[in-house]
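First comes the structure, then the notes that go with it.
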Number of protein chains: 2
Amino acid sequence: MDSFSDADRDALYRIMRTRRDIRHFLPTPLPPDVVRRILEMAHAAPSVGFMQPWNFVLITSLTLRQQIKASFETRNAHEAASIADPARQALYTSLKLEGILEAPLNIAVTCDRRRDAPFVLGRAPMPDTDLFSTCLAIQNLWLAARAEGVGVGWVSILDKKAVETLLEMPPGVQLVAYLCVGYPTEFRPQPLLQEVGWKNRLPLDDLVYHDRWGERYAL
Amino acid sequence: MDSFSDADRDALYRIMRTRRDIRHFLPTPLPPDVVRRILEMAHAAPSVGFMQPWNFVLITSLTLRQQIKASFETRNAHEAASIADPARQALYTSLKLEGILEAPLNIAVTCDRRRDAPFVLGRAPMPDTDLFSTCLAIQNLWLAARAEGVGVGWVSILDKKAVETLLEMPPGVQLVAYLCVGYPTEFRPQPLLQEVGWKNRLPLDDLVYHDRWGERYAL
């Protein structure tokens, strides 16, 4: 099997470091071969018991996206209202948190929890590993998109049940991520929430322990 | 910000395609700078509201690993007994499903669900997005390891509560993944479960829909 050069490794690390959560998109359509490559890489992700529990619902319908955007608006107003501190609330409401209508493509990534029932190798002891596997595919998708110059924005401010109903998802299938996908106006140097002073990146050394919770490890 | 060459993109795609779930490890210790780079890349993952809910508990204690291996053995016997078909059961019991003692390093990746309470931007509508973010970090870790020639094996056949207790994790912190990490004896050309005939990779085209569940999309 392949081994990787320093240049290969550096490419991976630059892709990871410059990946962003994108909310500002150009209307430029995505070439079909780019979409295919991004989905192929998502599908190359690991999964519990090789379950491959994911599906990708590509959403282009304007009507559907307007309905989903309305779900965002309702939830987002509710979120803003729940912030006690006025300065934080003002900062929150100044942020653009989705690109549902501007992005040329939306992708709902789902987890089919019924797949391979009744026995998925390794799943019973930790039943949510099917959802976790789906997230591994999402990160592959996100990184592949970045390497193609394509932006991805994950919208979690939604009524999950409403979106599942709009997409006619059957019982046992669950929405994991709603993604806006397209060429971004830019990849900014820092995560937006860091740039605007919402939150800073934590020091890695504070997050690494040795043999038990709270025991610091000198990396 | 960076844009990426065809060579960069191809490197990413080869890393994704040749990443494997590893259960056979060499005893060779991992250089500290390699461990640091892998964790830095995990920490570069996206997270809901920039929450960065992850911690990494690096486990080297042999006693601890023996206790965790015992938890695997108990659960694994239970899993094997639950398989009705004798041929599938025999295939299952023939598989090596962990490398807890052989790998020079184990890493418990956790999600601190209390972090940034009471308000994490974007989390309230989909509360499990903190767990999902932790999984994005795990996939970064797995890919970075592959680029370094290091293997990762995710062990889900465990008593989660027992491992959380052994690692002295406080209430509100949850084990997401238990990883065995080290140089592998090899990176095999195919996923092991495909190679041994447990399950094949699904055709991508069967997994892609358009605007609603079940509506096929010609990629």
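A note on labels: chains of the structure tokens are A, B, ... as shown, every chain counts residues from 1, and ligands are counted from 1 in their shown order.
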Taking only C-alpha atoms into account, find every residue of chain A that has an atom no more than 6 Å from chain B, and write it out as a VMD selection string.
chain A and resid 4 8 to 9 11 to 12 55 to 59 122 125 132 135 to 136 139 147 156 to 157 167 to 169 207 to 213
Write the residues you've just listed into a file as a PDB file, in the first residue's frame, and include C-alpha atoms for each of them.
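Here's the written file again_15.pdb:
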```
ATOM      1  CA  PHE A   4       3.142   9.217   1.822  1.00  0.00           C
ATOM      2  CA  ASP A   8       1.568  14.685   0.701  1.00  0.00           C
ATOM      3  CA  ARG A   9       1.348  15.057   4.450  1.00  0.00           C
ATOM      4  CA  ALA A  11      -0.985  19.009   1.684  1.00  0.00           C
ATOM      5  CA  LEU A  12      -3.325  17.139   4.040  1.00  0.00           C
ATOM      6  CA  ASN A  55     -27.232   8.560   2.304  1.00  0.00           C
ATOM      7  CA  PHE A  56     -26.785  11.877   0.564  1.00  0.00           C
ATOM      8  CA  VAL A  57     -29.916  13.775  -0.448  1.00  0.00           C
ATOM      9  CA  LEU A  58     -28.867  16.424  -2.974  1.00  0.00           C
ATOM     10  CA  ILE A  59     -31.276  19.321  -2.736  1.00  0.00           C
ATOM     11  CA  GLY A 122     -19.523  -3.771  16.793  1.00  0.00           C
ATOM     12  CA  PRO A 125     -22.315  -2.104  22.637  1.00  0.00           C
ATOM     13  CA  PHE A 132     -20.718   8.614  14.495  1.00  0.00           C
ATOM     14  CA  CYS A 135     -20.015  12.066  10.832  1.00  0.00           C
ATOM     15  CA  LEU A 136     -16.726  10.538   9.680  1.00  0.00           C
ATOM     16  CA  GLN A 139     -15.594  15.195   7.552  1.00  0.00           C
ATOM     17  CA  ALA A 147      -9.243  20.460  -1.735  1.00  0.00           C
ATOM     18  CA  SER A 156     -27.691  22.913  12.709  1.00  0.00           C
ATOM     19  CA  ILE A 157     -30.200  25.677  13.453  1.00  0.00           C
ATOM     20  CA  LEU A 167     -37.397  15.208   2.575  1.00  0.00           C
ATOM     21  CA  GLU A 168     -39.873  12.318   3.069  1.00  0.00           C
ATOM     22  CA  MET A 169     -37.406  10.389   5.204  1.00  0.00           C
ATOM     23  CA  LEU A 207      -7.226  19.081  26.239  1.00  0.00           C
ATOM     24  CA  VAL A 208      -4.764  16.195  26.468  1.00  0.00           C
ATOM     25  CA  TYR A 209      -4.716  13.918  29.502  1.00  0.00           C
ATOM     26  CA  HIS A 210      -2.736  10.855  30.519  1.00  0.00           C
ATOM     27  CA  ASP A 211      -4.369   7.614  31.723  1.00  0.00           C
ATOM     28  CA  ARG A 212      -7.165   9.422  33.556  1.00  0.00           C
ATOM     29  CA  TRP A 213      -9.346  12.506  33.270  1.00  0.00           C
TER      30      TRP A 213
END
```
I'd like to know which residues of region 3-215 of chain B are strand (DSSP E or B) (by DSSP, run on the backbone); could you write them as a ChimeraX atom specification?
/B:21,25,54-59,105-112,151-155,173-182,184,208-210,212-215
Taking the DSSP secondary structure from the backbone, can you list the residues of region 10-159 of chain A that are alpha helix (DSSP H), as number ranges by chain?
A: 10-18, 32-43, 62-81, 86-94, 129-147
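Ranking A:Pro171, A:Ser94, A:Val163, A:Leu141 by their shortest atom-to-atom distance to Val196 (chain A), with only C-alpha atoms included, puts A:Ser94 first.
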What's the separation between CA of Pro86 (chain A) and CA of Gly197 (chain A), in Å to one decimal place?
14.9 Å
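The spacing separating CA of Pro184 (chain B) from CA of Ala162 (chain B) amounts to 27.4 Å.
Our summary of the geometry notes that CA of Gln67 (chain A) is positioned 25.9 Å from CA of Leu91 (chain A).
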